$ cat my_file_25.cif   # mmCIF, C-alpha atoms and all ligand atoms
data_run
loop_
_atom_site.label_atom_id
_atom_site.label_comp_id
_atom_site.auth_asym_id
_atom_site.auth_seq_id
_atom_site.Cartn_x
_atom_site.Cartn_y
_atom_site.Cartn_z
CA MET A 28 0.00 0.00 0.00
CA THR A 29 1.33 3.42 -0.93
CA ALA A 30 0.48 6.52 1.11
CA PRO A 31 -2.53 8.46 -0.22
CA LYS A 32 -1.48 10.78 -2.98
CA ARG A 33 -2.93 13.73 -4.81
CA ILE A 34 -2.45 13.61 -8.55
CA GLY A 35 -3.25 16.12 -11.27
CA ILE A 36 -4.57 15.08 -14.67
CA LEU A 37 -4.98 17.17 -17.79
CA THR A 38 -5.84 16.82 -21.46
CA SER A 39 -3.71 18.85 -23.85
CA GLY A 40 -3.57 19.45 -27.62
CA GLY A 41 -6.38 18.72 -30.07
CA ASP A 42 -9.24 16.70 -28.61
CA CYS A 43 -10.09 13.23 -29.91
CA ALA A 44 -12.35 10.34 -29.07
CA GLY A 45 -11.57 8.44 -25.87
CA LEU A 46 -10.25 11.23 -23.64
CA ASN A 47 -13.14 10.97 -21.20
CA ALA A 48 -12.63 7.21 -21.05
CA VAL A 49 -8.99 7.80 -20.04
CA LEU A 50 -10.08 10.26 -17.33
CA ARG A 51 -12.63 7.80 -15.99
CA ALA A 52 -10.14 4.94 -15.82
CA ALA A 53 -7.51 7.07 -14.11
CA VAL A 54 -10.04 8.40 -11.60
CA TYR A 55 -11.24 4.87 -10.80
CA ALA A 56 -7.69 3.52 -10.45
CA ALA A 57 -6.53 6.44 -8.32
CA THR A 58 -9.54 6.81 -6.06
CA GLY A 59 -9.52 3.02 -5.62
CA ARG A 60 -6.18 3.54 -3.90
CA GLY A 61 -7.64 6.27 -1.75
CA TRP A 62 -5.96 9.07 -3.72
CA GLU A 63 -7.35 12.45 -4.74
CA VAL A 64 -7.50 13.47 -8.40
CA TYR A 65 -7.42 17.09 -9.49
CA GLY A 66 -8.59 17.61 -13.07
CA ILE A 67 -6.82 20.65 -14.52
CA GLU A 68 -8.94 22.62 -17.01
CA ASP A 69 -7.83 23.44 -20.57
CA GLY A 70 -4.44 21.76 -20.41
CA THR A 71 -1.71 23.76 -18.70
CA ALA A 72 -3.84 26.92 -19.14
CA GLY A 73 -5.75 26.00 -15.98
CA LEU A 74 -2.52 26.21 -14.00
CA LEU A 75 -1.52 29.56 -15.51
CA ASP A 76 -4.62 31.43 -14.40
CA ARG A 77 -5.10 32.81 -10.89
CA PRO A 78 -7.24 31.55 -9.34
CA MET A 79 -6.23 28.28 -10.93
CA ARG A 80 -8.90 26.36 -12.77
CA TYR A 81 -9.29 22.75 -11.67
CA ARG A 82 -11.90 20.33 -10.34
CA VAL A 83 -11.63 17.52 -7.85
CA LEU A 84 -12.64 14.47 -9.89
CA THR A 85 -14.67 11.77 -8.19
CA ARG A 86 -16.06 8.42 -9.26
CA GLN A 87 -19.58 9.83 -8.98
CA MET A 88 -18.79 12.20 -11.86
CA PHE A 89 -17.85 9.29 -14.08
CA ASP A 90 -20.78 7.02 -14.61
CA THR A 91 -20.57 5.28 -17.96
CA THR A 92 -22.36 8.16 -19.73
CA ILE A 93 -19.22 10.27 -19.89
CA MET A 94 -17.04 7.43 -21.13
CA ARG A 95 -19.26 7.23 -24.21
CA LEU A 96 -18.78 10.88 -25.14
CA GLY A 97 -16.28 12.44 -27.51
CA GLY A 98 -14.30 15.51 -26.48
CA THR A 99 -12.88 16.07 -23.01
CA ILE A 100 -14.87 17.25 -20.01
CA LEU A 101 -11.74 19.06 -18.79
CA GLY A 102 -11.34 21.12 -21.95
CA THR A 103 -8.08 21.42 -23.86
CA THR A 104 -6.10 23.71 -26.10
CA ASN A 105 -3.80 23.16 -29.06
CA LYS A 106 -2.87 26.82 -29.30
CA GLY A 107 0.01 28.67 -27.81
CA ASN A 108 3.19 27.67 -26.12
CA PRO A 109 3.33 28.31 -22.35
CA PHE A 110 6.99 29.31 -22.72
CA LYS A 111 6.04 32.07 -25.16
CA LEU A 112 2.64 33.47 -24.34
CA PRO A 113 1.54 36.41 -26.52
CA GLN A 114 0.79 39.57 -24.51
CA ALA A 115 -1.54 42.47 -25.38
CA ASP A 116 1.42 44.78 -26.15
CA GLY A 117 2.84 42.34 -28.72
CA SER A 118 5.56 40.99 -26.43
CA PHE A 119 5.84 37.39 -25.17
CA LYS A 120 5.87 36.05 -21.61
CA ASP A 121 7.29 32.78 -20.30
CA GLY A 122 4.49 31.27 -18.21
CA SER A 123 6.42 28.19 -17.09
CA ASP A 124 7.17 29.53 -13.58
CA ASP A 125 3.46 30.14 -12.98
CA ILE A 126 2.55 26.61 -14.08
CA ILE A 127 5.25 25.08 -11.89
CA ALA A 128 4.21 27.27 -8.94
CA GLY A 129 0.63 26.12 -9.50
CA ILE A 130 1.61 22.45 -9.35
CA ARG A 131 3.50 23.10 -6.09
CA GLU A 132 0.64 25.10 -4.61
CA LEU A 133 -1.80 22.27 -5.33
CA LYS A 134 0.69 19.84 -3.72
CA LEU A 135 0.45 17.39 -6.61
CA ASP A 136 2.53 14.26 -6.14
CA ALA A 137 2.41 13.64 -9.89
CA VAL A 138 0.84 14.96 -13.06
CA ILE A 139 -0.69 12.70 -15.71
CA GLY A 140 -0.66 14.51 -19.04
CA ILE A 141 -2.80 13.16 -21.86
CA GLY A 142 -1.41 14.61 -25.08
CA GLY A 143 0.28 14.22 -28.43
CA ASP A 144 3.96 14.72 -29.16
CA GLY A 145 3.80 18.53 -28.95
CA SER A 146 2.01 18.53 -25.59
CA MET A 147 4.31 15.84 -24.21
CA GLU A 148 7.35 17.87 -25.15
CA ILE A 149 5.98 20.93 -23.35
CA LEU A 150 5.07 18.90 -20.25
CA ARG A 151 8.45 17.13 -20.23
CA THR A 152 10.29 20.46 -20.36
CA LEU A 153 8.10 21.84 -17.56
CA ALA A 154 8.69 18.71 -15.44
CA LYS A 155 12.46 18.94 -15.87
CA ARG A 156 12.44 22.63 -15.02
CA GLY A 157 10.02 22.33 -12.11
CA GLY A 158 11.16 18.96 -10.78
CA PHE A 159 7.65 17.49 -10.70
CA ASN A 160 6.70 13.89 -11.42
CA LEU A 161 5.19 13.29 -14.85
CA ILE A 162 3.50 10.41 -16.65
CA CYS A 163 2.16 10.85 -20.19
CA ILE A 164 -0.63 9.09 -22.04
CA PRO A 165 -0.50 9.32 -25.85
CA LYS A 166 -3.60 10.59 -27.61
CA THR A 167 -3.96 11.79 -31.15
CA MET A 168 -6.22 10.92 -34.02
CA ASP A 169 -3.10 11.25 -36.22
CA ASN A 170 -1.47 8.20 -34.51
CA ASP A 171 1.91 9.81 -35.10
CA VAL A 172 3.35 9.38 -31.58
CA GLY A 173 6.38 7.09 -31.62
CA LYS A 174 6.94 3.98 -29.45
CA THR A 175 3.26 3.09 -29.30
CA GLU A 176 1.26 1.16 -31.86
CA ILE A 177 -1.89 3.06 -30.97
CA SER A 178 -2.66 6.45 -29.49
CA VAL A 179 -6.07 7.17 -28.00
CA GLY A 180 -8.40 8.61 -30.65
CA PHE A 181 -6.91 7.02 -33.74
CA GLU A 182 -9.14 3.96 -33.97
CA THR A 183 -12.29 6.08 -33.87
CA ALA A 184 -10.97 8.50 -36.49
CA ALA A 185 -10.12 5.60 -38.82
CA TYR A 186 -13.56 4.09 -38.18
CA VAL A 187 -15.39 7.35 -38.96
CA ALA A 188 -13.39 7.79 -42.18
CA THR A 189 -14.19 4.19 -43.17
CA GLU A 190 -17.85 4.80 -42.51
CA ALA A 191 -17.69 7.94 -44.65
CA LEU A 192 -16.37 5.85 -47.56
CA ASP A 193 -19.20 3.37 -46.96
CA ARG A 194 -21.63 6.24 -47.30
CA LEU A 195 -19.93 7.78 -50.32
CA GLN A 196 -19.82 4.55 -52.32
CA PRO A 197 -23.58 4.20 -52.96
CA THR A 198 -23.98 7.82 -54.04
CA ALA A 199 -20.82 7.59 -56.18
CA ALA A 200 -22.23 4.45 -57.84
CA SER A 201 -25.67 5.99 -58.32
CA HIS A 202 -24.31 9.06 -60.12
CA ASP A 203 -21.23 7.54 -61.78
CA ARG A 204 -18.98 10.00 -59.98
CA VAL A 205 -15.53 10.11 -58.52
CA MET A 206 -15.71 10.90 -54.82
CA VAL A 207 -12.70 12.48 -53.13
CA LEU A 208 -12.57 12.28 -49.33
CA GLU A 209 -10.07 14.52 -47.49
CA VAL A 210 -9.12 13.40 -43.99
CA MET A 211 -7.02 14.92 -41.22
CA GLY A 212 -3.82 13.33 -40.05
CA ARG A 213 -1.25 16.13 -40.11
CA ASP A 214 2.01 14.78 -41.48
CA ALA A 215 1.24 11.07 -41.11
CA GLY A 216 -1.18 9.20 -43.36
CA HIS A 217 -2.37 6.51 -40.93
CA VAL A 218 -6.05 7.52 -41.00
CA ALA A 219 -6.14 7.68 -44.81
CA LEU A 220 -4.33 4.36 -45.20
CA ASN A 221 -6.38 2.42 -42.64
CA ALA A 222 -9.72 3.83 -43.76
CA GLY A 223 -8.80 3.62 -47.43
CA ILE A 224 -8.16 -0.12 -47.22
CA ALA A 225 -11.12 -0.84 -44.94
CA GLY A 226 -13.47 1.42 -46.90
CA GLY A 227 -12.58 0.12 -50.36
CA ALA A 228 -10.88 3.20 -51.80
CA ASP A 229 -9.44 2.93 -55.31
CA VAL A 230 -6.79 5.57 -54.61
CA ILE A 231 -5.13 6.44 -51.29
CA LEU A 232 -2.84 9.47 -51.20
CA LEU A 233 -0.50 9.81 -48.22
CA PRO A 234 2.04 12.48 -47.27
CA GLU A 235 4.65 9.70 -47.07
CA ILE A 236 4.33 8.72 -50.76
CA PRO A 237 4.82 11.38 -53.47
CA TYR A 238 2.20 10.82 -56.14
CA ASP A 239 2.11 11.06 -59.90
CA ILE A 240 -1.27 12.53 -60.86
CA GLU A 241 -1.14 10.75 -64.24
CA LYS A 242 -1.07 7.42 -62.38
CA VAL A 243 -3.98 8.51 -60.22
CA ALA A 244 -5.90 9.51 -63.35
CA ALA A 245 -5.06 6.20 -65.04
CA LYS A 246 -6.42 4.28 -62.03
CA ILE A 247 -9.61 6.34 -62.02
CA ARG A 248 -10.08 5.84 -65.76
CA ALA A 249 -9.69 2.11 -65.24
CA CYS A 250 -12.25 2.11 -62.43
CA VAL A 251 -14.77 4.22 -64.26
CA THR A 252 -14.52 2.85 -67.76
CA GLU A 253 -13.34 -0.74 -67.42
CA ASN A 254 -14.85 -2.07 -64.23
CA ARG A 255 -17.63 0.16 -63.03
CA GLY A 256 -18.85 3.68 -63.26
CA PHE A 257 -17.39 5.32 -60.17
CA GLY A 258 -14.21 5.87 -58.18
CA LEU A 259 -13.35 6.45 -54.51
CA VAL A 260 -10.30 8.48 -53.53
CA ILE A 261 -9.09 9.24 -50.00
CA VAL A 262 -6.46 11.91 -49.53
CA SER A 263 -4.61 12.86 -46.37
CA GLU A 264 -4.61 16.58 -45.60
CA ALA A 265 -0.81 17.02 -45.71
CA VAL A 266 -0.43 15.66 -49.25
CA LYS A 267 1.18 18.34 -51.40
CA THR A 268 0.19 19.81 -54.75
CA ARG A 269 2.03 18.86 -57.94
CA GLY A 270 4.22 21.91 -57.36
CA GLY A 271 5.15 20.67 -53.87
CA ASP A 272 3.04 23.13 -51.87
CA ALA A 273 1.22 22.16 -48.68
CA LEU A 274 -2.26 23.70 -48.79
CA LYS A 275 -3.24 25.53 -45.62
CA VAL A 276 -6.06 27.71 -44.40
CA GLU A 277 -5.54 30.61 -42.00
CA HIS A 278 -7.88 30.63 -39.01
CA THR A 279 -8.67 33.10 -36.23
CA GLY A 280 -5.51 34.49 -34.63
CA GLY A 281 -3.43 33.64 -37.70
CA GLU A 282 -3.24 29.90 -36.89
CA LYS A 283 -2.62 27.95 -40.09
CA ARG A 284 -3.97 24.43 -40.53
CA TYR A 285 -3.93 22.01 -43.45
CA GLY A 286 -6.91 22.27 -45.76
CA GLY A 287 -7.73 22.27 -49.45
CA ILE A 288 -5.90 19.27 -50.93
CA GLY A 289 -9.17 17.38 -51.50
CA HIS A 290 -10.49 20.09 -53.80
CA TYR A 291 -7.12 20.35 -55.52
CA ILE A 292 -6.94 16.60 -56.25
CA SER A 293 -10.58 16.57 -57.32
CA ALA A 294 -9.97 19.36 -59.86
CA GLU A 295 -6.88 17.59 -61.19
CA ILE A 296 -8.75 14.31 -61.64
CA SER A 297 -11.67 16.03 -63.29
CA GLN A 298 -9.39 17.93 -65.67
CA LEU A 299 -7.34 14.88 -66.64
CA THR A 300 -10.17 12.38 -66.95
CA GLY A 301 -13.23 14.47 -67.74
CA PHE A 302 -15.17 12.54 -65.09
CA GLU A 303 -17.49 14.25 -62.65
CA THR A 304 -15.97 14.62 -59.19
CA ARG A 305 -17.23 15.68 -55.77
CA VAL A 306 -15.33 16.41 -52.57
CA THR A 307 -16.10 15.65 -48.92
CA VAL A 308 -13.88 17.10 -46.19
CA LEU A 309 -14.33 15.22 -42.92
CA GLY A 310 -12.28 17.54 -40.71
CA HIS A 311 -13.25 17.59 -37.05
CA VAL A 312 -15.98 14.98 -37.53
CA LEU A 313 -13.07 12.54 -37.09
CA ARG A 314 -12.35 13.92 -33.63
CA GLY A 315 -15.70 14.63 -32.01
CA ALA A 316 -17.20 11.18 -32.52
CA PRO A 317 -18.06 8.88 -29.60
CA PRO A 318 -15.10 6.53 -29.07
CA ILE A 319 -15.46 3.09 -30.64
CA HIS A 320 -14.82 0.06 -28.44
CA THR A 321 -11.09 -0.25 -29.21
CA ASP A 322 -10.45 3.36 -28.21
CA ARG A 323 -12.40 2.82 -24.99
CA LEU A 324 -10.33 -0.26 -24.19
CA VAL A 325 -6.99 1.36 -24.93
CA ALA A 326 -8.06 4.48 -23.03
CA ALA A 327 -9.08 2.43 -19.99
CA ALA A 328 -5.89 0.36 -20.01
CA PHE A 329 -3.72 3.47 -20.40
CA GLY A 330 -5.47 5.31 -17.55
CA VAL A 331 -5.06 2.36 -15.20
CA HIS A 332 -1.41 1.79 -16.12
CA ALA A 333 -0.55 5.47 -15.69
CA VAL A 334 -1.84 5.36 -12.11
CA GLU A 335 0.11 2.14 -11.48
CA LEU A 336 3.29 3.90 -12.59
CA VAL A 337 2.62 6.72 -10.14
CA ALA A 338 2.11 4.12 -7.39
CA GLN A 339 5.45 2.51 -8.30
CA GLY A 340 7.22 5.89 -8.37
CA LYS A 341 8.23 5.22 -11.98
CA PHE A 342 8.17 8.63 -13.64
CA ASP A 343 9.08 10.31 -16.96
CA ARG A 344 7.32 7.41 -18.67
CA MET A 345 4.74 7.34 -21.44
CA VAL A 346 2.29 4.44 -21.42
CA ALA A 347 2.21 2.65 -24.76
CA TRP A 348 0.43 -0.14 -26.64
CA SER A 349 2.53 -3.00 -27.94
CA ASN A 350 1.38 -6.47 -29.05
CA ARG A 351 -1.95 -6.16 -27.26
CA GLN A 352 -0.20 -5.21 -24.02
CA VAL A 353 0.23 -1.94 -22.16
CA ILE A 354 3.88 -1.12 -21.64
CA ASP A 355 5.72 2.07 -20.72
CA VAL A 356 8.64 3.81 -22.36
CA PRO A 357 10.73 6.91 -21.58
CA ILE A 358 8.81 10.04 -22.65
CA ASP A 359 11.95 11.40 -24.32
CA GLU A 360 12.19 8.35 -26.58
CA ALA A 361 8.57 8.69 -27.64
CA ILE A 362 8.97 12.41 -28.39
CA ALA A 363 12.10 11.72 -30.43
CA SER A 364 10.45 9.18 -32.70
CA TYR A 365 7.65 10.62 -34.83
CA GLN A 366 5.65 7.76 -36.33
CA VAL A 367 4.80 7.98 -40.02
CA VAL A 368 3.39 5.23 -42.22
CA ASP A 369 5.89 2.38 -42.66
CA LEU A 370 6.33 2.09 -46.42
CA ASN A 371 7.49 -1.52 -46.02
CA GLY A 372 4.78 -2.36 -43.51
CA ALA A 373 1.90 -4.79 -43.80
CA LEU A 374 -0.75 -2.18 -44.61
CA VAL A 375 1.12 -0.62 -47.55
CA LYS A 376 1.78 -4.13 -48.92
CA THR A 377 -1.87 -5.03 -48.42
CA ALA A 378 -3.07 -1.92 -50.24
CA ARG A 379 -0.80 -2.64 -53.20
CA ALA A 380 -1.87 -6.29 -53.33
CA LEU A 381 -5.50 -5.17 -53.42
CA GLY A 382 -4.75 -3.06 -56.47
CA ILE A 383 -5.23 0.23 -54.63
CA CYS A 384 -3.30 3.06 -56.27
CA LEU A 385 -1.01 4.83 -53.78
CA GLY A 386 -0.09 7.41 -56.37
CA ASP A 387 3.38 6.05 -57.16
O1 LIG B 401 -3.34 16.83 -34.57
C1 LIG B 401 -4.68 16.59 -34.63
C2 LIG B 401 -5.35 17.38 -35.73
O2 LIG B 401 -6.71 16.98 -35.81
C3 LIG B 401 -4.68 17.25 -37.09
O3 LIG B 401 -5.03 16.06 -37.75
C4 LIG B 401 -5.16 18.50 -37.77
O4 LIG B 401 -4.26 18.92 -38.76
C5 LIG B 401 -5.21 19.51 -36.65
O5 LIG B 401 -5.31 18.76 -35.44
C6 LIG B 401 -6.37 20.47 -36.72
O6 LIG B 401 -6.25 21.39 -35.70
P1 LIG B 401 -7.41 22.38 -35.26
O7 LIG B 401 -8.32 21.63 -34.33
O8 LIG B 401 -6.70 23.50 -34.59
O9 LIG B 401 -8.14 22.81 -36.50
#
$ encode --input "my_file_25.cif" --output "structure tokens" --more "lines below"
Ligand code: F6P
Amino acid sequence: MTAPKRIGILTSGGDCAGLNAVLRAAVYAATGRGWEVYGIEDGTAGLLDRPMRYRVLTRQMFDTTIMRLGGTILGTTNKGNPFKLPQADGSFKDGSDDIIAGIRELKLDAVIGIGGDGSMEILRTLAKRGGFNLICIPKTMDNDVGKTEISVGFETAAYVATEALDRLQPTAASHDRVMVLEVMGRDAGHVALNAGIAGGADVILLPEIPYDIEKVAAKIRACVTENRGFGLVIVSEAVKTRGGDALKVEHTGGEKRYGGIGHYISAEISQLTGFETRVTVLGHVLRGAPPIHTDRLVAAAFGVHAVELVAQGKFDRMVAWSNRQVIDVPIDEAIASYQVVDLNGALVKTARALGICLGD
């Protein structure tokens, strides 16, 4: 038996499906040991503000309703860097001392940070500077965190994109059209590749594989004229134009995000083949969905293991999924190894064997 502890938990970076299931599991595991859990609001932002923004999390708050919901009840942010916070006069402020002071003031024995590679790097730097105990749980629909086969949120995103292809196929077939589906995934094409295979795409375009648009057009011609009257294309948002440009959209506050490659590819296909095309951009629909069962399972196992690590006093670790087991690895190693699609891996081989055009 370890002495009762007080731990902090926060969700950081873009939301995704399964975050509430992680919170629930961690709260159950921790309170089962007689510990207190402080849920920090909006990532590290809740520790920057005075008064600080946090809630004591109890089992009563986490009946199974919340586990089923997308999003995060704690809130999150994927904007701003706490080491360089923009001020009204145009200058920048380092907020790290305030965050560290907040953790000390709350007397947290450890912090469990649920985040992607960017958030983990920020938390790791804060922990080194402030000397607090940190455990990380990987979450990202992009599935680009290294040293883990799965991050929370990916399975649901791939499922939603697969379902979108299922829904596009009948309308594509009815109208003899080429449907182009653009999916998020930042600089890794895992969502497009997984959903493309599962959802029967004819063409899958990934940021990891430069494409030749003539080959894409040839595949579409073959689909439309030789076999059947329609084509399904899935394209990952970070795929570049023929000229090598990444297409981005500027949002409020000047934040730039990927967007537009679906329409670009659609226009190219239409111009080269003369076939009618339509575009669907899934965007945040991939993130806000209720978690599917695999995300709930991984989320639950990760939350429980993170608390076990705190109990063992084993810190600076990220929980990870490997061969249907939960393991843990040094956070630094995970941050250092960004995970893109393995071009020699089973899924790329499978796609090629199924005759799916990967653009090369
Ligand atoms: O990293 C997760 C992600 O959903 C990416 O796939 C996407 O490029 C980005 O976040 C979108 O960010 P925002 O929510 O700020 O539009």
$ closest_atom_pairs --input "my_file_25.cif" --of "chain A" --to "ligand LIG 401 (chain B)" --cutoff "9 Å" --atoms "only C-alpha atoms and all ligand atoms" --output "JSON lines"
{"residue": "A:Gly40", "atom": "CA", "partner": "B:LIG401", "partner_atom": "O1", "distance": 7.4}
{"residue": "A:Gly41", "atom": "CA", "partner": "B:LIG401", "partner_atom": "C1", "distance": 5.3}
{"residue": "A:Asp42", "atom": "CA", "partner": "B:LIG401", "partner_atom": "C1", "distance": 7.6}
{"residue": "A:Cys43", "atom": "CA", "partner": "B:LIG401", "partner_atom": "O2", "distance": 7.8}
{"residue": "A:Thr104", "atom": "CA", "partner": "B:LIG401", "partner_atom": "O8", "distance": 8.5}
{"residue": "A:Asn105", "atom": "CA", "partner": "B:LIG401", "partner_atom": "O8", "distance": 6.3}
{"residue": "A:Lys106", "atom": "CA", "partner": "B:LIG401", "partner_atom": "O8", "distance": 7.3}
{"residue": "A:Gly143", "atom": "CA", "partner": "B:LIG401", "partner_atom": "O1", "distance": 7.6}
{"residue": "A:Thr167", "atom": "CA", "partner": "B:LIG401", "partner_atom": "C1", "distance": 6.0}
{"residue": "A:Met168", "atom": "CA", "partner": "B:LIG401", "partner_atom": "C1", "distance": 5.9}
{"residue": "A:Asp169", "atom": "CA", "partner": "B:LIG401", "partner_atom": "O3", "distance": 5.4}
{"residue": "A:Asn170", "atom": "CA", "partner": "B:LIG401", "partner_atom": "O1", "distance": 8.8}
{"residue": "A:Asp171", "atom": "CA", "partner": "B:LIG401", "partner_atom": "O1", "distance": 8.8}
{"residue": "A:Val210", "atom": "CA", "partner": "B:LIG401", "partner_atom": "O3", "distance": 7.9}
{"residue": "A:Met211", "atom": "CA", "partner": "B:LIG401", "partner_atom": "O3", "distance": 4.2}
{"residue": "A:Gly212", "atom": "CA", "partner": "B:LIG401", "partner_atom": "O3", "distance": 3.8}
{"residue": "A:Arg213", "atom": "CA", "partner": "B:LIG401", "partner_atom": "O4", "distance": 4.3}
{"residue": "A:Asp214", "atom": "CA", "partner": "B:LIG401", "partner_atom": "O4", "distance": 8.0}
{"residue": "A:Ala215", "atom": "CA", "partner": "B:LIG401", "partner_atom": "O3", "distance": 8.7}
{"residue": "A:Glu264", "atom": "CA", "partner": "B:LIG401", "partner_atom": "O4", "distance": 7.2}
{"residue": "A:Ala265", "atom": "CA", "partner": "B:LIG401", "partner_atom": "O4", "distance": 8.0}
{"residue": "A:His278", "atom": "CA", "partner": "B:LIG401", "partner_atom": "O9", "distance": 8.2}
{"residue": "A:Glu282", "atom": "CA", "partner": "B:LIG401", "partner_atom": "O8", "distance": 7.6}
{"residue": "A:Lys283", "atom": "CA", "partner": "B:LIG401", "partner_atom": "O8", "distance": 8.2}
{"residue": "A:Arg284", "atom": "CA", "partner": "B:LIG401", "partner_atom": "O4", "distance": 5.8}
{"residue": "A:Tyr285", "atom": "CA", "partner": "B:LIG401", "partner_atom": "O4", "distance": 5.6}
{"residue": "A:Gly286", "atom": "CA", "partner": "B:LIG401", "partner_atom": "O4", "distance": 8.2}
{"residue": "A:Gly310", "atom": "CA", "partner": "B:LIG401", "partner_atom": "O2", "distance": 7.4}
{"residue": "A:His311", "atom": "CA", "partner": "B:LIG401", "partner_atom": "O2", "distance": 6.7}
{"residue": "A:Leu313", "atom": "CA", "partner": "B:LIG401", "partner_atom": "O2", "distance": 7.9}
{"residue": "A:Arg314", "atom": "CA", "partner": "B:LIG401", "partner_atom": "O2", "distance": 6.8}
$ write_last_selection --input "my_file_25.cif" --atoms "C-alpha atoms" --output "compact mmCIF listing (two decimals), keeping the file's coordinate frame"
# COMPACT_ATOMS: atom_id res chain seq x y z
CA GLY A 40 -3.57 19.45 -27.62
CA GLY A 41 -6.38 18.72 -30.07
CA ASP A 42 -9.24 16.70 -28.61
CA CYS A 43 -10.09 13.23 -29.91
CA THR A 104 -6.10 23.71 -26.10
CA ASN A 105 -3.80 23.16 -29.06
CA LYS A 106 -2.87 26.82 -29.30
CA GLY A 143 0.28 14.22 -28.43
CA THR A 167 -3.96 11.79 -31.15
CA MET A 168 -6.22 10.92 -34.02
CA ASP A 169 -3.10 11.25 -36.22
CA ASN A 170 -1.47 8.20 -34.51
CA ASP A 171 1.91 9.81 -35.10
CA VAL A 210 -9.12 13.40 -43.99
CA MET A 211 -7.02 14.92 -41.22
CA GLY A 212 -3.82 13.33 -40.05
CA ARG A 213 -1.25 16.13 -40.11
CA ASP A 214 2.01 14.78 -41.48
CA ALA A 215 1.24 11.07 -41.11
CA GLU A 264 -4.61 16.58 -45.60
CA ALA A 265 -0.81 17.02 -45.71
CA HIS A 278 -7.88 30.63 -39.01
CA GLU A 282 -3.24 29.90 -36.89
CA LYS A 283 -2.62 27.95 -40.09
CA ARG A 284 -3.97 24.43 -40.53
CA TYR A 285 -3.93 22.01 -43.45
CA GLY A 286 -6.91 22.27 -45.76
CA GLY A 310 -12.28 17.54 -40.71
CA HIS A 311 -13.25 17.59 -37.05
CA LEU A 313 -13.07 12.54 -37.09
CA ARG A 314 -12.35 13.92 -33.63
$ residues_near_point --input "my_file_25.cif" --point "(2.8, 22.1, -5.2)" --cutoff "12 Å" --atoms "all atoms listed in the file" --output "list in words"
Arg33, Ile34, Gly35, Leu74, Asp125, Ile126, Ile127, Ala128, Gly129, Ile130, Arg131, Glu132, Leu133, Lys134, Leu135, Asp136, Ala137, Val138, Gly157, Gly158, Phe159 and Asn160 of chain A
$ atom_distance --input "my_file_25.cif" --atom1 "CA of Gly142 (chain A)" --atom2 "CA of Gly289 (chain A)"
27.7 Å
$ residues_around --input "my_file_25.cif" --residues "region 149-152 of chain A" --least-positions-apart "4" --cutoff "9 Å" --atoms "all atoms listed in the file" --output "list in words"
Thr71, Asn108, Pro109, Phe110, Gly140, Asp144, Gly145, Arg156, Gly157, Leu161, Cys163, Asp343, Ile358 and Asp359 of chain A
$ residues_around --input "my_file_25.cif" --residues "Glu303 (chain A)" --least-positions-apart "4" --cutoff "7 Å" --atoms "only C-alpha atoms" --output "list in words"
Arg204, Val205 and Ser297 of chain A
$ atom_distance --input "my_file_25.cif" --atom1 "CA of Lys111 (chain A)" --atom2 "CA of Thr279 (chain A)"
18.4 Å
$ residues_around --input "my_file_25.cif" --residues "Lys166 (chain A)" --least-positions-apart "5" --cutoff "12 Å" --atoms "all atoms listed in the file" --output "MDAnalysis selection string"
chainID A and resid 37:49 98:99 140:147 171:173 175:184 314 322 325:326 329:330 345:348
$ write_last_selection --input "my_file_25.cif" --atoms "C-alpha atoms" --output "CSV table (one decimal), in the frame of the given file"
chain,number,residue,atom,x,y,z
A,37,LEU,CA,-5.0,17.2,-17.8
A,38,THR,CA,-5.8,16.8,-21.5
A,39,SER,CA,-3.7,18.8,-23.8
A,40,GLY,CA,-3.6,19.4,-27.6
A,41,GLY,CA,-6.4,18.7,-30.1
A,42,ASP,CA,-9.2,16.7,-28.6
A,43,CYS,CA,-10.1,13.2,-29.9
A,44,ALA,CA,-12.4,10.3,-29.1
A,45,GLY,CA,-11.6,8.4,-25.9
A,46,LEU,CA,-10.2,11.2,-23.6
A,47,ASN,CA,-13.1,11.0,-21.2
A,48,ALA,CA,-12.6,7.2,-21.0
A,49,VAL,CA,-9.0,7.8,-20.0
A,98,GLY,CA,-14.3,15.5,-26.5
A,99,THR,CA,-12.9,16.1,-23.0
A,140,GLY,CA,-0.7,14.5,-19.0
A,141,ILE,CA,-2.8,13.2,-21.9
A,142,GLY,CA,-1.4,14.6,-25.1
A,143,GLY,CA,0.3,14.2,-28.4
A,144,ASP,CA,4.0,14.7,-29.2
A,145,GLY,CA,3.8,18.5,-29.0
A,146,SER,CA,2.0,18.5,-25.6
A,147,MET,CA,4.3,15.8,-24.2
A,171,ASP,CA,1.9,9.8,-35.1
A,172,VAL,CA,3.4,9.4,-31.6
A,173,GLY,CA,6.4,7.1,-31.6
A,175,THR,CA,3.3,3.1,-29.3
A,176,GLU,CA,1.3,1.2,-31.9
A,177,ILE,CA,-1.9,3.1,-31.0
A,178,SER,CA,-2.7,6.4,-29.5
A,179,VAL,CA,-6.1,7.2,-28.0
A,180,GLY,CA,-8.4,8.6,-30.6
A,181,PHE,CA,-6.9,7.0,-33.7
A,182,GLU,CA,-9.1,4.0,-34.0
A,183,THR,CA,-12.3,6.1,-33.9
A,184,ALA,CA,-11.0,8.5,-36.5
A,314,ARG,CA,-12.4,13.9,-33.6
A,322,ASP,CA,-10.4,3.4,-28.2
A,325,VAL,CA,-7.0,1.4,-24.9
A,326,ALA,CA,-8.1,4.5,-23.0
A,329,PHE,CA,-3.7,3.5,-20.4
A,330,GLY,CA,-5.5,5.3,-17.6
A,345,MET,CA,4.7,7.3,-21.4
A,346,VAL,CA,2.3,4.4,-21.4
A,347,ALA,CA,2.2,2.6,-24.8
A,348,TRP,CA,0.4,-0.1,-26.6
